[in-house]
Structure formats: structure tokens, C-alpha cells
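Content type mmCIF, C-alpha atoms, from the file data_36.cif:
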```
data_my_file
#
loop_
_atom_site.label_atom_id
_atom_site.label_comp_id
_atom_site.auth_asym_id
_atom_site.auth_seq_id
_atom_site.Cartn_x
_atom_site.Cartn_y
_atom_site.Cartn_z
CA MET A 28 -12.63 -16.51 78.56
CA ASN A 29 -12.82 -18.03 82.03
CA LEU A 30 -15.56 -17.55 84.56
CA ALA A 31 -13.82 -14.86 86.62
CA GLU A 32 -13.19 -12.81 83.49
CA ALA A 33 -16.78 -13.16 82.35
CA LEU A 34 -18.09 -12.12 85.77
CA GLY A 35 -15.68 -9.21 85.86
CA LYS A 36 -16.91 -8.05 82.49
CA LEU A 37 -20.54 -8.33 83.59
CA GLY A 38 -19.74 -6.22 86.64
CA ALA A 39 -17.85 -3.64 84.60
CA MET A 40 -20.77 -3.40 82.17
CA THR A 41 -23.22 -2.93 85.05
CA TRP A 42 -21.09 -0.09 86.42
CA PHE A 43 -20.88 1.44 82.96
CA LEU A 44 -24.68 1.25 82.64
CA LEU A 45 -25.14 2.92 86.05
CA ARG A 46 -22.64 5.61 85.07
CA MET A 47 -24.56 6.31 81.86
CA ILE A 48 -27.87 6.45 83.73
CA ALA A 49 -26.34 8.87 86.23
CA LEU A 50 -25.08 11.06 83.38
CA THR A 51 -28.37 10.96 81.46
CA PRO A 52 -29.93 14.05 83.12
CA ARG A 53 -26.85 16.05 82.15
CA ALA A 54 -26.83 14.68 78.60
CA LEU A 55 -30.53 15.34 77.97
CA PRO A 56 -30.22 19.14 77.45
CA ARG A 57 -28.03 18.47 74.40
CA PHE A 58 -31.05 17.01 72.70
CA GLY A 59 -29.64 17.52 69.20
CA LEU A 60 -26.98 14.91 69.87
CA ILE A 61 -29.62 12.35 70.81
CA VAL A 62 -31.70 13.18 67.73
CA GLN A 63 -28.64 12.60 65.57
CA GLN A 64 -28.12 9.18 67.18
CA ILE A 65 -31.79 8.25 66.76
CA PHE A 66 -31.25 9.09 63.10
CA ASN A 67 -28.09 6.97 62.89
CA THR A 68 -29.39 3.92 64.71
CA GLY A 69 -33.11 4.14 63.99
CA ALA A 70 -33.91 5.96 60.79
CA LEU A 71 -31.01 4.41 58.87
CA SER A 72 -32.11 0.91 59.99
CA ILE A 73 -35.64 1.32 58.64
CA VAL A 74 -34.98 -0.19 55.23
CA ILE A 75 -33.36 -3.39 56.52
CA ILE A 76 -36.03 -3.70 59.23
CA MET A 77 -38.89 -3.29 56.77
CA LEU A 78 -37.45 -5.71 54.21
CA SER A 79 -36.70 -8.34 56.86
CA GLY A 80 -40.10 -7.85 58.45
CA LEU A 81 -41.82 -8.32 55.12
CA PHE A 82 -40.01 -11.55 54.35
CA VAL A 83 -40.32 -12.94 57.88
CA GLY A 84 -44.05 -12.22 57.74
CA MET A 85 -44.39 -13.83 54.33
CA VAL A 86 -42.57 -16.97 55.46
CA LEU A 87 -44.72 -17.05 58.58
CA GLY A 88 -47.82 -16.77 56.40
CA LEU A 89 -46.70 -19.60 54.16
CA GLN A 90 -45.55 -21.97 56.89
CA GLY A 91 -48.47 -21.12 59.15
CA PHE A 92 -50.93 -21.72 56.35
CA GLN A 93 -49.42 -25.11 55.49
CA LEU A 94 -49.52 -26.19 59.13
CA LEU A 95 -52.94 -24.79 60.07
CA GLN A 96 -54.57 -26.12 56.93
CA ARG A 97 -53.79 -29.66 58.10
CA PHE A 98 -56.05 -29.03 61.07
CA GLY A 99 -58.64 -27.25 59.01
CA SER A 100 -58.15 -23.96 60.77
CA ALA A 101 -56.42 -21.81 58.18
CA GLU A 102 -58.53 -18.81 59.29
CA THR A 103 -56.54 -18.62 62.52
CA LEU A 104 -53.47 -17.67 60.45
CA GLY A 105 -54.00 -14.04 61.46
CA VAL A 106 -53.73 -14.78 65.18
CA ALA A 107 -50.82 -17.14 64.73
CA ALA A 108 -48.82 -14.68 62.63
CA ALA A 109 -49.68 -11.64 64.77
CA ILE A 110 -48.85 -13.28 68.09
CA GLY A 111 -45.66 -14.81 66.72
CA LEU A 112 -44.54 -11.46 65.34
CA VAL A 113 -45.58 -9.19 68.19
CA LYS A 114 -44.31 -11.37 71.02
CA GLU A 115 -41.26 -13.11 69.59
CA LEU A 116 -40.07 -12.48 66.08
CA GLY A 117 -40.56 -8.71 66.09
CA PRO A 118 -38.44 -7.94 69.17
CA VAL A 119 -35.88 -10.72 68.66
CA VAL A 120 -35.17 -10.39 64.94
CA THR A 121 -35.16 -6.60 65.26
CA ALA A 122 -32.62 -6.86 68.07
CA LEU A 123 -30.43 -9.22 66.02
CA LEU A 124 -30.57 -6.91 63.01
CA PHE A 125 -29.97 -3.93 65.26
CA ALA A 126 -26.86 -5.60 66.70
CA GLY A 127 -25.61 -6.37 63.20
CA ARG A 128 -26.26 -2.96 61.73
CA ALA A 129 -26.39 -0.27 64.40
CA GLY A 130 -24.49 -2.08 67.15
CA ALA A 131 -21.52 -2.90 64.91
CA ALA A 132 -21.45 0.67 63.59
CA LEU A 133 -21.54 2.11 67.13
CA ALA A 134 -18.77 -0.16 68.39
CA SER A 135 -16.44 0.52 65.46
CA GLU A 136 -17.12 4.27 65.60
CA LEU A 137 -16.36 4.49 69.32
CA GLY A 138 -13.41 2.09 68.97
CA LEU A 139 -11.89 4.25 66.25
CA MET A 140 -12.48 7.39 68.31
CA SER A 141 -10.63 5.81 71.19
CA ALA A 142 -7.84 4.53 68.89
CA THR A 143 -7.32 8.07 67.55
CA ASP A 144 -7.20 9.49 71.11
CA GLN A 145 -10.34 11.59 70.65
CA PHE A 146 -11.59 10.68 74.13
CA SER A 147 -8.29 11.75 75.71
CA ALA A 148 -8.51 15.01 73.79
CA MET A 149 -12.01 15.61 75.16
CA GLU A 150 -10.85 14.91 78.68
CA MET A 151 -8.08 17.46 78.19
CA MET A 152 -10.77 20.01 77.35
CA ALA A 153 -12.68 19.01 80.50
CA VAL A 154 -15.44 17.39 78.46
CA ASP A 155 -16.63 14.04 79.78
CA PRO A 156 -16.53 11.75 76.71
CA VAL A 157 -19.08 9.41 78.26
CA GLN A 158 -21.56 12.25 78.68
CA ARG A 159 -20.80 13.92 75.35
CA VAL A 160 -20.35 10.89 73.07
CA VAL A 161 -21.45 7.63 74.70
CA VAL A 162 -24.70 8.52 76.48
CA PRO A 163 -26.42 10.05 73.40
CA ARG A 164 -25.55 6.93 71.40
CA PHE A 165 -26.89 4.68 74.16
CA LEU A 166 -30.12 6.69 74.50
CA GLY A 167 -30.56 6.79 70.74
CA GLY A 168 -30.39 3.00 70.61
CA VAL A 169 -32.76 2.55 73.56
CA ILE A 170 -35.35 4.87 72.00
CA SER A 171 -35.02 3.40 68.50
CA MET A 172 -35.39 -0.29 69.34
CA PRO A 173 -39.08 -0.46 70.41
CA LEU A 174 -40.07 1.72 67.47
CA LEU A 175 -38.13 -0.48 65.04
CA ALA A 176 -39.68 -3.61 66.56
CA ALA A 177 -43.18 -2.14 66.17
CA ILE A 178 -42.49 -1.28 62.53
CA PHE A 179 -41.13 -4.80 62.00
CA SER A 180 -44.26 -6.38 63.48
CA VAL A 181 -46.67 -4.27 61.44
CA ILE A 182 -44.84 -4.93 58.17
CA GLY A 183 -44.62 -8.62 59.12
CA ILE A 184 -48.38 -8.82 59.71
CA TYR A 185 -48.93 -7.29 56.29
CA GLY A 186 -46.45 -9.79 54.82
CA ALA A 187 -48.40 -12.67 56.37
CA GLN A 188 -51.60 -11.11 55.08
CA LEU A 189 -50.06 -10.79 51.61
CA VAL A 190 -49.27 -14.50 51.43
CA GLY A 191 -52.20 -15.82 53.46
CA VAL A 192 -55.00 -13.70 52.04
CA GLN A 193 -53.79 -12.64 48.60
CA ILE A 194 -52.05 -15.84 47.51
CA MET A 195 -53.42 -18.66 49.69
CA ARG A 196 -56.94 -17.22 49.69
CA VAL A 197 -57.61 -17.28 53.42
CA ASP A 198 -60.71 -15.17 53.99
CA SER A 199 -59.61 -11.60 54.65
CA GLY A 200 -62.40 -10.92 57.14
CA SER A 201 -61.63 -13.91 59.32
CA PHE A 202 -57.88 -13.21 59.09
CA TRP A 203 -58.34 -9.79 60.70
CA SER A 204 -61.24 -10.57 63.03
CA GLN A 205 -59.57 -13.70 64.43
CA MET A 206 -56.46 -11.61 64.98
CA ARG A 207 -58.41 -8.94 66.85
CA ALA A 208 -60.17 -11.53 68.99
CA GLY A 209 -57.04 -13.56 69.66
CA VAL A 210 -54.34 -10.96 70.32
CA GLU A 211 -54.55 -9.55 73.82
CA PHE A 212 -53.24 -6.24 75.05
CA ARG A 213 -50.88 -8.21 77.31
CA ASP A 214 -49.19 -9.68 74.22
CA LEU A 215 -48.44 -6.20 72.91
CA VAL A 216 -47.08 -5.14 76.30
CA GLU A 217 -44.87 -8.21 76.33
CA GLY A 218 -43.46 -7.33 72.91
CA ILE A 219 -42.83 -3.70 73.84
CA VAL A 220 -41.17 -4.57 77.16
CA LYS A 221 -39.00 -7.14 75.41
CA SER A 222 -37.84 -4.76 72.72
CA GLY A 223 -37.15 -2.07 75.33
CA ILE A 224 -34.94 -4.44 77.33
CA PHE A 225 -33.22 -5.68 74.16
CA GLY A 226 -32.61 -2.05 73.25
CA VAL A 227 -30.84 -1.43 76.56
CA ALA A 228 -28.83 -4.66 76.27
CA CYS A 229 -27.72 -4.21 72.66
CA SER A 230 -26.87 -0.53 73.03
CA LEU A 231 -24.99 -1.15 76.27
CA ILE A 232 -22.91 -3.94 74.75
CA ALA A 233 -22.12 -1.87 71.65
CA VAL A 234 -21.03 1.29 73.49
CA TYR A 235 -19.14 -0.67 76.15
CA GLU A 236 -17.19 -2.75 73.63
CA GLY A 237 -16.48 0.30 71.49
CA TYR A 238 -15.47 2.57 74.36
CA TYR A 239 -13.11 0.02 75.88
CA ALA A 240 -11.78 -1.36 72.58
CA ALA A 241 -8.00 -1.86 72.38
CA PRO A 242 -6.72 1.23 70.54
CA THR A 243 -5.46 -0.68 67.51
CA ALA A 244 -6.95 -1.65 64.17
CA GLU A 245 -7.21 -5.22 65.41
CA GLY A 246 -8.82 -4.07 68.66
CA VAL A 247 -11.56 -2.19 66.80
CA GLY A 248 -12.24 -5.23 64.65
CA ARG A 249 -12.45 -7.43 67.71
CA ALA A 250 -14.76 -5.03 69.50
CA THR A 251 -17.12 -5.04 66.51
CA THR A 252 -17.16 -8.83 66.32
CA ARG A 253 -17.68 -9.18 70.06
CA THR A 254 -20.54 -6.68 69.94
CA VAL A 255 -22.46 -8.69 67.37
CA VAL A 256 -21.76 -12.09 68.92
CA THR A 257 -22.43 -11.07 72.54
CA SER A 258 -25.57 -9.13 71.60
CA ALA A 259 -27.01 -12.07 69.68
CA VAL A 260 -26.41 -14.54 72.51
CA ILE A 261 -27.61 -12.16 75.22
CA VAL A 262 -30.75 -11.27 73.27
CA LEU A 263 -31.73 -14.90 72.82
CA PHE A 264 -30.96 -15.68 76.46
CA LEU A 265 -32.94 -12.68 77.72
CA ASP A 266 -35.77 -13.63 75.39
CA TYR A 267 -36.12 -16.98 77.12
CA LEU A 268 -36.03 -15.35 80.56
CA LEU A 269 -38.58 -12.68 79.62
CA THR A 270 -40.90 -15.15 77.94
CA SER A 271 -40.98 -17.35 81.02
CA ALA A 272 -41.46 -14.26 83.21
CA PHE A 273 -44.50 -13.23 81.17
CA LEU A 274 -46.19 -16.64 81.19
CA MET B 3 -28.07 24.39 57.97
CA PRO B 4 -29.50 22.12 55.30
CA LYS B 5 -27.75 18.98 56.61
CA SER B 6 -29.20 19.38 60.08
CA SER B 7 -32.73 19.96 58.79
CA ALA B 8 -32.53 16.85 56.62
CA LEU B 9 -31.40 14.93 59.68
CA ASN B 10 -34.24 16.27 61.77
CA LEU B 11 -36.67 15.44 58.99
CA GLY B 12 -35.42 11.86 58.74
CA THR B 13 -35.51 11.38 62.51
CA GLY B 14 -38.97 12.90 62.73
CA ALA B 15 -40.23 10.63 59.96
CA PHE B 16 -38.73 7.59 61.70
CA VAL B 17 -40.20 8.43 65.10
CA LEU B 18 -43.58 9.18 63.54
CA LEU B 19 -43.51 5.88 61.65
CA GLY B 20 -42.54 4.04 64.83
CA PHE B 21 -45.37 5.52 66.85
CA ALA B 22 -47.79 4.96 63.98
CA ALA B 23 -46.76 1.29 64.03
CA LEU B 24 -47.34 1.14 67.80
CA ALA B 25 -50.73 2.79 67.37
CA PHE B 26 -51.61 0.33 64.63
CA LEU B 27 -50.68 -2.59 66.87
CA THR B 28 -52.70 -1.34 69.83
CA THR B 29 -55.80 -0.40 67.87
CA GLN B 30 -55.93 -2.76 64.89
CA THR B 31 -54.49 -6.08 66.03
CA THR B 32 -56.26 -6.37 69.36
CA SER B 33 -59.75 -5.67 70.56
CA ARG B 34 -59.12 -6.52 74.18
CA GLY B 35 -57.85 -4.64 77.17
CA LEU B 36 -57.69 -0.99 76.30
CA HIS B 37 -61.18 0.06 75.49
CA LEU B 38 -63.09 -2.17 77.87
CA ALA B 39 -61.49 -0.50 80.86
CA SER B 40 -62.31 2.93 79.53
CA GLN B 41 -65.94 2.17 78.73
CA PRO B 42 -68.57 2.54 81.45
CA HIS B 43 -69.61 -0.86 82.75
CA TYR B 44 -71.31 -2.67 85.62
CA ASP B 45 -70.43 -5.94 87.34
CA VAL B 46 -72.66 -8.98 87.62
CA THR B 47 -71.80 -12.30 89.27
CA ALA B 48 -73.07 -15.80 88.61
CA LYS B 49 -72.32 -19.07 90.41
CA PHE B 50 -71.67 -22.18 88.37
CA ASP B 51 -71.21 -25.80 89.43
CA ASN B 52 -68.47 -26.23 86.87
CA ILE B 53 -66.99 -23.65 84.54
CA GLY B 54 -64.85 -26.04 82.48
CA ASP B 55 -61.90 -24.08 81.14
CA LEU B 56 -63.59 -20.67 81.12
CA LYS B 57 -60.89 -18.02 81.33
CA VAL B 58 -60.69 -14.44 82.52
CA GLY B 59 -61.27 -12.24 79.48
CA ALA B 60 -63.70 -14.65 77.83
CA PRO B 61 -66.64 -12.90 76.14
CA VAL B 62 -70.11 -12.64 77.66
CA SER B 63 -72.75 -12.64 74.97
CA MET B 64 -76.51 -12.27 74.60
CA ALA B 65 -78.11 -13.61 71.45
CA GLY B 66 -74.62 -13.92 70.03
CA VAL B 67 -73.76 -10.25 70.59
CA GLU B 68 -70.84 -9.56 72.89
CA VAL B 69 -72.08 -7.50 75.86
CA GLY B 70 -69.10 -7.85 78.21
CA ARG B 71 -66.17 -9.90 79.42
CA VAL B 72 -65.40 -12.24 82.28
CA ALA B 73 -63.41 -10.13 84.74
CA ARG B 74 -62.65 -12.50 87.58
CA ILE B 75 -63.13 -16.15 88.54
CA ASP B 76 -63.17 -17.32 92.16
CA LEU B 77 -64.12 -20.41 94.12
CA ASP B 78 -66.88 -20.04 96.72
CA LEU B 79 -65.68 -22.26 99.57
CA LYS B 80 -69.12 -22.49 101.21
CA GLU B 81 -71.00 -23.96 98.29
CA TYR B 82 -67.95 -25.16 96.36
CA LYS B 83 -69.11 -23.31 93.30
CA ALA B 84 -67.25 -21.15 90.84
CA VAL B 85 -68.08 -17.45 91.14
CA VAL B 86 -67.72 -15.69 87.81
CA LEU B 87 -67.60 -11.90 87.84
CA MET B 88 -68.76 -10.47 84.54
CA ARG B 89 -68.12 -6.91 83.47
CA ILE B 90 -71.07 -5.84 81.32
CA ASN B 91 -71.02 -2.78 79.11
CA GLU B 92 -73.21 0.01 80.54
CA LYS B 93 -74.93 0.23 77.16
CA TYR B 94 -76.63 -3.10 77.88
CA ASN B 95 -78.21 -2.19 81.22
CA GLN B 96 -81.62 -3.77 80.62
CA ILE B 97 -80.91 -7.44 81.30
CA PRO B 98 -83.83 -8.95 83.28
CA VAL B 99 -82.97 -10.27 86.77
CA ASP B 100 -84.38 -13.70 85.99
CA SER B 101 -82.11 -14.21 82.99
CA ASP B 102 -80.03 -17.35 82.94
CA ALA B 103 -76.34 -17.75 82.23
CA SER B 104 -74.82 -20.81 80.59
CA ILE B 105 -71.31 -21.67 79.56
CA TYR B 106 -70.92 -22.56 75.91
CA THR B 107 -68.02 -23.58 73.73
CA GLN B 108 -66.95 -21.60 70.70
CA GLY B 109 -66.72 -23.94 67.77
CA LEU B 110 -66.04 -27.62 68.35
CA LEU B 111 -62.99 -27.35 70.56
CA GLY B 112 -62.75 -23.58 70.97
CA GLY B 113 -62.62 -21.52 74.14
CA LYS B 114 -65.55 -21.18 76.50
CA PHE B 115 -67.82 -18.15 76.76
CA VAL B 116 -70.80 -17.15 78.89
CA GLY B 117 -74.12 -16.88 77.10
CA ILE B 118 -76.96 -14.99 78.79
CA THR B 119 -80.54 -15.77 77.79
CA ALA B 120 -82.99 -13.03 78.70
CA GLY B 121 -85.75 -13.78 81.20
CA GLY B 122 -89.17 -12.16 81.38
CA SER B 123 -88.88 -9.89 84.39
CA ASP B 124 -89.42 -6.13 84.27
CA THR B 125 -86.65 -5.41 86.78
CA PHE B 126 -83.16 -5.31 85.44
CA LEU B 127 -79.79 -6.41 86.75
CA LYS B 128 -77.83 -3.70 88.56
CA ASP B 129 -74.19 -3.29 89.50
CA ARG B 130 -73.12 -6.15 91.83
CA GLY B 131 -76.27 -8.04 90.91
CA GLN B 132 -76.35 -11.79 90.63
CA ILE B 133 -77.70 -14.14 88.01
CA ASP B 134 -79.33 -17.02 89.90
CA PHE B 135 -80.14 -19.41 87.08
CA THR B 136 -77.00 -20.94 85.71
CA GLN B 137 -76.00 -23.93 83.67
CA SER B 138 -72.55 -25.44 83.88
CA ALA B 139 -70.12 -26.02 81.11
CA LEU B 140 -70.41 -29.22 79.16
CA VAL B 141 -67.20 -31.01 79.97
CA LEU B 142 -66.22 -33.10 76.99
CA GLU B 143 -64.74 -35.91 79.09
CA ASN B 144 -67.99 -36.30 81.06
CA LEU B 145 -69.98 -36.32 77.83
CA ILE B 146 -67.79 -39.01 76.32
CA GLY B 147 -68.02 -40.99 79.55
CA GLN B 148 -71.82 -40.79 79.48
CA MET B 149 -71.93 -41.70 75.83
CA LEU B 150 -69.70 -44.72 76.38
CA ALA B 151 -71.88 -45.81 79.30
CA ASN B 152 -74.98 -45.51 77.11
CA VAL B 153 -73.36 -47.40 74.26
CA THR B 154 -72.26 -50.31 76.46
CA LYS B 155 -75.68 -50.38 78.14
CA GLY B 156 -77.39 -50.25 74.76
CA SER B 157 -75.30 -53.04 73.25
CA SER B 158 -75.76 -55.32 76.27
CA ALA B 159 -79.50 -54.65 76.12
CA GLY B 160 -79.40 -55.53 72.42
CA ALA B 161 -77.57 -58.78 73.19
CA ASP B 162 -80.23 -59.67 75.79
CA GLN B 163 -82.92 -59.06 73.22
CA ASN B 164 -81.15 -61.28 70.75
CA LYS B 165 -81.04 -64.03 73.33
CA THR B 166 -84.74 -63.78 74.12
CA ASP B 167 -85.60 -63.70 70.42
CA GLY B 168 -83.61 -66.83 69.93
CA ALA B 169 -82.07 -65.37 66.75
CA GLY B 170 -78.44 -66.31 67.31
CA ALA B 171 -76.86 -64.54 64.38
CA PRO B 172 -75.57 -61.15 65.59
CA GLU B 173 -76.32 -58.27 63.30
CA LYS B 174 -73.47 -56.75 61.40
CA PRO B 175 -72.74 -53.23 62.65
CA LYS B 176 -73.42 -50.65 60.01
#
```
Please, can you express the file's structure as C-alpha cells?
Amino acid sequence: MNLAEALGKLGAMTWFLLRMIALTPRALPRFGLIVQQIFNTGALSIVIIMLSGLFVGMVLGLQGFQLLQRFGSAETLGVAAAIGLVKELGPVVTALLFAGRAGAALASELGLMSATDQFSAMEMMAVDPVQRVVVPRFLGGVISMPLLAAIFSVIGIYGAQLVGVQIMRVDSGSFWSQMRAGVEFRDLVEGIVKSGIFGVACSLIAVYEGYYAAPTAEGVGRATTRTVVTSAVIVLFLDYLLTSAFL
Amino acid sequence: MPKSSALNLGTGAFVLLGFAALAFLTTQTTSRGLHLASQPHYDVTAKFDNIGDLKVGAPVSMAGVEVGRVARIDLDLKEYKAVVLMRINEKYNQIPVDSDASIYTQGLLGGKFVGITAGGSDTFLKDRGQIDFTQSALVLENLIGQMLANVTKGSSAGADQNKTDGAGAPEKPK
């Protein structure tokens, strides 16, 4: 893909985002559709988010303990794990998992709908497919992402606690009190803002790629692949930008 | 419609879980920010020669109990002193006006905090009051510099003594 193509795609995506935002007030009254999409993208992702969060937290507990013990400050494991999870790992890993699970599902669903001419059929019935089909999916993703990231962080903190306190015998009291003293409200805001922006980015990429997928079996496959790859790269890039903006 | 109600139930459970997680993060993992702003408080300033690396948000404590937080740090360009604005919890409104404020270090290399030692006066600090007696932060580099100066002075003094004693053999350092 050359530069002009990439810029063109960025512009087209921006227009698509503006179009969805403009259509949001009209899509909101059909609240049931949004609830269904929150179920599809959010509730069905809970298991993978919780399992990943648990293991990420446990690894963080183990690695953090090994490192901090060298400096004789194993009690600060709570702060280290909590800040790492809330600010970085929670939003980023959740967004990557979201792109892999919900984003790929969204793109292939929309791609198949376009391949089977369902959007044209809706237009024939004077129903705007973007308003009826795309906007609820986008909103569902945007609403789900911060909640999933928060669940990820909480489970991760308990995973770190499981390894640090239960197995490595860091004092439970200092684990929690150091965390409370060390984590600032700003850190939580940073994590929530990040996951909100990742939610917009991942959902936008998924619905855009799906909606404009080439109406063939190959086109749907490509749209799904592009969704996951683009989302992952964009999330990591945005993460750097947002982190430096919050410093 | 049983399918729709199951869907609503699942979505409701997910959203509830998500907000419970957010609530857990805001209440259990942090003690800063939220509740200090909501609690009644009064502001007290103190001027220090040097605050070291005291930061906004550092605790203010009396007898080891946290009574407030550092809210703002400024430089007074007339006296070239650091002006530290401390936000003290309204609960602790009986701090004598002649109390003194010092900057201490948490642990060996931890962050700085302001410690207030109570004075003997019967009048208490009010909102926008000022603590006049202050002691600066101990800056580690200055301390090491002083210590090195003392050590070199001490060893040269020792060498002089050796000379005057006439005992040539230098003592082995322990």
C-alpha cells in the first residue's frame, strides 16, 4: 500500500466515523440493537478477558517479585502491578484481545452481509444500513471496551496478588496499602481514557473494513485479517501517543 | 421471548461487572484524588529554603498521622523561597500557629513529605494561615558533600597529629 492509498483510507475512515457520529442520535432510540451488540462484543468476551487478565497479572506478580526482590523492595509489588495493569496492560491487552475476538467477528459479519447483498436490500426498503446495522455495532464496541479493560485490570491485580502474596509471601497488608498510596486517581483516568480511545479505534476499523469488504469469500477473509492487523498496530501506536500526552 | 431476556440478562450482568470493576479500581486501588476534594479542608502555606524533590500530592503528617496533602508548590521571587500550599483536613483544625514544618524523607530513598510538629500556642492555624518555622529538606548530595569534607578534614588532622607525635607508622584503617 503506498502513501496516497494509506492517506486516502485514513480520510475515508474519518468520514465514516463522522457519519456514524451524525447518525448516532437516530440510532439511539433503537436501544435493543445496541444492547444486543454490547452482549456480542462485551459479554461474550468476558471469559477470554478474565483468563488473560488472570495470567497477565500472575506473570506480572512473578516477574515483578523477582525484580523488586533484588532491590529489597518486594512490598512495592502491589504498586508496580497495579500501575502496570491500570495504565498499560489493561487497556492495551484488552484492545488486542478485543480486535482478535470481537473485531474479527464484526468485520466478517458485516463483510458477509455485504457479500450477500443485505445492505442493498435494506437500501431498497429505505432503511439506512449504516444507521440500522453499523452504528449499533460501533456503539456496542465503544461502550464495552472500557468496561472490559476495567475487568481485566481488577482480575490482573488479583492474579498478581495470588502469586505475590499467596505464593511468594509478600506481606498482604503492605501489598494493598502500598498500592493505595502509590496509585493516583490520574493513573485510573489515564487507563479509562486510553481504553475509551482504543474502543473507538478498534470498533471503527472493524466496522469500516467489514462494511467496505469486497463482496467475495476472499474479500471477507481479507477484511477480517486487515481488521486484526490494523487494530493491533494502531492500538500500540496510539498507546505511545497517549502515554506521552499523559506524562 | 426467552432468547431476548437471556440476552438482556447477560448484557446486564456484563455491564454490572464492568462498573463494579471500575468502582473497585477507584475505591480500592487508590486513596488519592477523589475523597480529598470532597472532604472539607483548609489551606495553610509554609515557606522553605529548599524543598528537595517534594511533589504536589505528597502527604502532610503530624506525629506520623496523615492530616493533609501538598496542594501546590510555587517559588516566591522576592525571598527566593519555595511556597508550599498544604490542604489540611478540616477535622484537624487545632494546629497551633507556632508549629513548625519540616520536610522529611520516607524510607531511605523514598519520596518527601511534610511533617508538622505542634507548637505550644493556644491560637490555632486558620484557612490561608502560614507556618513561620520551617526546616528545609535534607538534600542527599549536600549531606554527602559535607560528610566528604569532614572526612578529608578529619584524616588530614589525623595525619598532622601523627607527624607531631613522631609515630611514623600510619594506622591501618579498620
Go through chain B and flag each residue having an atom no more than 6 Å from chain A; for those, report the closest pair of atoms plus their distance in Å to one decimal, using all atoms listed in the file, ordered by chain and rising number, as a Markdown table.
```
| residue | atom | partner | partner_atom | distance |
| --- | --- | --- | --- | --- |
| B:Thr13 | CA | A:Phe66 | CA | 4.9 |
| B:Phe16 | CA | A:Ala70 | CA | 5.2 |
| B:Gly20 | CA | A:Leu174 | CA | 4.3 |
| B:Ala23 | CA | A:Ile178 | CA | 5.2 |
| B:Leu24 | CA | A:Ala177 | CA | 5.5 |
| B:Thr31 | CA | A:Arg207 | CA | 4.9 |
| B:Thr32 | CA | A:Arg207 | CA | 4.2 |
| B:Ser33 | CA | A:Arg207 | CA | 5.1 |
| B:Arg34 | CA | A:Glu211 | CA | 5.5 |
| B:Gly35 | CA | A:Phe212 | CA | 5.3 |
```
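Considering all atoms listed in the file, the residue among B:Thr47, B:Ser138, B:Asn144, B:Thr28 positioned nearest to Val99 of chain B is B:Thr47.
From atom CA of Ala153 of chain A back to atom CA of Arg53 of chain A, the distance works out to 14.6 Å.
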Inset, instruction - Figure out the distance between atom CA of Leu18 of chain B and atom CA of Gln30 of chain B, please, to one decimal in Å. - result: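 So the two atoms, atom CA of Gln30 of chain B and atom CA of Leu18 of chain B, lie 17.2 Å apart.
With distances restricted to all atoms listed in the file, A:Ala187 is the closest residue to Leu104 of chain A from A:Ala187, A:Met140, A:Met47, A:Leu166.
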For segment 174-202 of chain A versus segment 89-93 of chain A, which residues have an atom no more than 9 Å away, and what is each residue's nearest atom pair and distance in Å rounded to one decimal, using all atoms listed in the file, chain-then-number order, as a tab-separated table?
```
residue	atom	partner	partner_atom	distance
A:Ala187	CA	A:Leu89	CA	7.5
A:Val190	CA	A:Leu89	CA	6.3
A:Gly191	CA	A:Phe92	CA	6.7
A:Met195	CA	A:Phe92	CA	7.7
A:Val197	CA	A:Phe92	CA	8.5
```
Inset, instruction - Would you write out, as an MDAnalysis selection string, every residue that the PyMOL selection byres ((chain A and resi 254) around 9) captures in this file? - result: chainID A and resid 126:127 130:131 134 229 232:237 249:253 255:259
Legend entry - Surrounding residues of Asp124 of chain B excluding itself and chain neighbours under 5 positions, 10 Å, all atoms listed in the file, as a list of chain:residue names: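 My reading of the contact set: B:Gln96, B:Ile97, B:Pro98, B:Val99, B:Asp100.
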Inset, instruction - Find the distance between atom CA of Val85 of chain B and atom CA of Ile53 of chain B and write it in Å to one decimal. - result: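 Atom-to-atom, atom CA of Val85 of chain B to atom CA of Ile53 of chain B, that is 9.1 Å.
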Inset, instruction - Using all atoms listed in the file, find the one residue out of A:Ala272, A:Ile194, A:Ile75, A:Val161 that sits nearest to Arg46 of chain A. - result: A:Val161
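Among the candidates A:Gly218, A:Val162, A:Ser201, A:Leu189, the residue lying nearest to Ile48 of chain A is A:Val162 (atoms considered: only C-alpha atoms).
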Result set, the PyMOL selection byres ((chain B and resi 76) around 9) on current file, as a compact mmCIF listing (two decimals) with C-alpha atoms, in the frame of the given file:
```
# COMPACT_ATOMS: atom_id res chain seq x y z
CA ARG B 74 -62.65 -12.50 87.58
CA ILE B 75 -63.13 -16.15 88.54
CA LEU B 77 -64.12 -20.41 94.12
CA ASP B 78 -66.88 -20.04 96.72
CA LYS B 83 -69.11 -23.31 93.30
CA ALA B 84 -67.25 -21.15 90.84
CA VAL B 85 -68.08 -17.45 91.14
CA VAL B 86 -67.72 -15.69 87.81
CA LEU B 87 -67.60 -11.90 87.84
```
Inset, instruction - Enumerate, as an MDAnalysis selection string, the residues matched when the PyMOL selection byres ((chain B and resi 88) around 8) is run on the file above. - result: chainID B and resid 45:48 62 70:74 86:87 89:90
Around segment 206-213 of chain A, with edges along x, y and z and 3 Å added on all six sides, what centre and edge lengths do you get, in Å to one decimal, as AutoDock Vina command-line options?
```
--center_x -55.5 --center_y -9.9 --center_z 71.1 --size_x 15.3 --size_y 13.3 --size_z 18.3
```
Legend entry - B:Asn152, B:Ser63, B:Gln132, B:Asn52 ranked by distance to Phe115 of chain B, top pick (using all atoms listed in the file):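 Closest to Phe115 of chain B of all the choices is B:Ser63.
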Legend entry - Distance query Gly113 of chain B at most 8 Å, all atoms listed in the file, self and fewer than 6 positions along chain excluded, as a PyMOL selection string: chain B and resi 55-56+60+107
Legend entry - Counting all atoms listed in the file, the residue of B:Gln108, B:Phe50, B:Leu27, B:Pro42 that sits nearest Asp129 of chain B: B:Pro42
Atom completion result for segment 22-30 of chain B (N, CA and C atoms) as a compact mmCIF listing (two decimals), keeping the file's coordinate frame:
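result27.txt, freshly written:
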```
# COMPACT_ATOMS: atom_id res chain seq x y z
N ALA B 22 -46.64 5.39 64.77
CA ALA B 22 -47.79 4.96 63.98
C ALA B 22 -47.90 3.44 64.02
N ALA B 23 -46.75 2.76 63.97
CA ALA B 23 -46.76 1.29 64.03
C ALA B 23 -47.29 0.84 65.38
N LEU B 24 -46.84 1.50 66.47
CA LEU B 24 -47.34 1.14 67.80
C LEU B 24 -48.85 1.36 67.89
N ALA B 25 -49.29 2.49 67.33
CA ALA B 25 -50.73 2.79 67.37
C ALA B 25 -51.50 1.76 66.58
N PHE B 26 -50.95 1.35 65.44
CA PHE B 26 -51.61 0.33 64.63
C PHE B 26 -51.75 -0.96 65.43
N LEU B 27 -50.65 -1.34 66.11
CA LEU B 27 -50.68 -2.59 66.87
C LEU B 27 -51.72 -2.52 67.98
N THR B 28 -51.78 -1.39 68.69
CA THR B 28 -52.70 -1.34 69.83
C THR B 28 -54.15 -1.20 69.40
N THR B 29 -54.40 -0.60 68.24
CA THR B 29 -55.80 -0.40 67.87
C THR B 29 -56.30 -1.44 66.88
N GLN B 30 -55.44 -1.92 65.98
CA GLN B 30 -55.93 -2.76 64.89
C GLN B 30 -55.74 -4.25 65.14
```
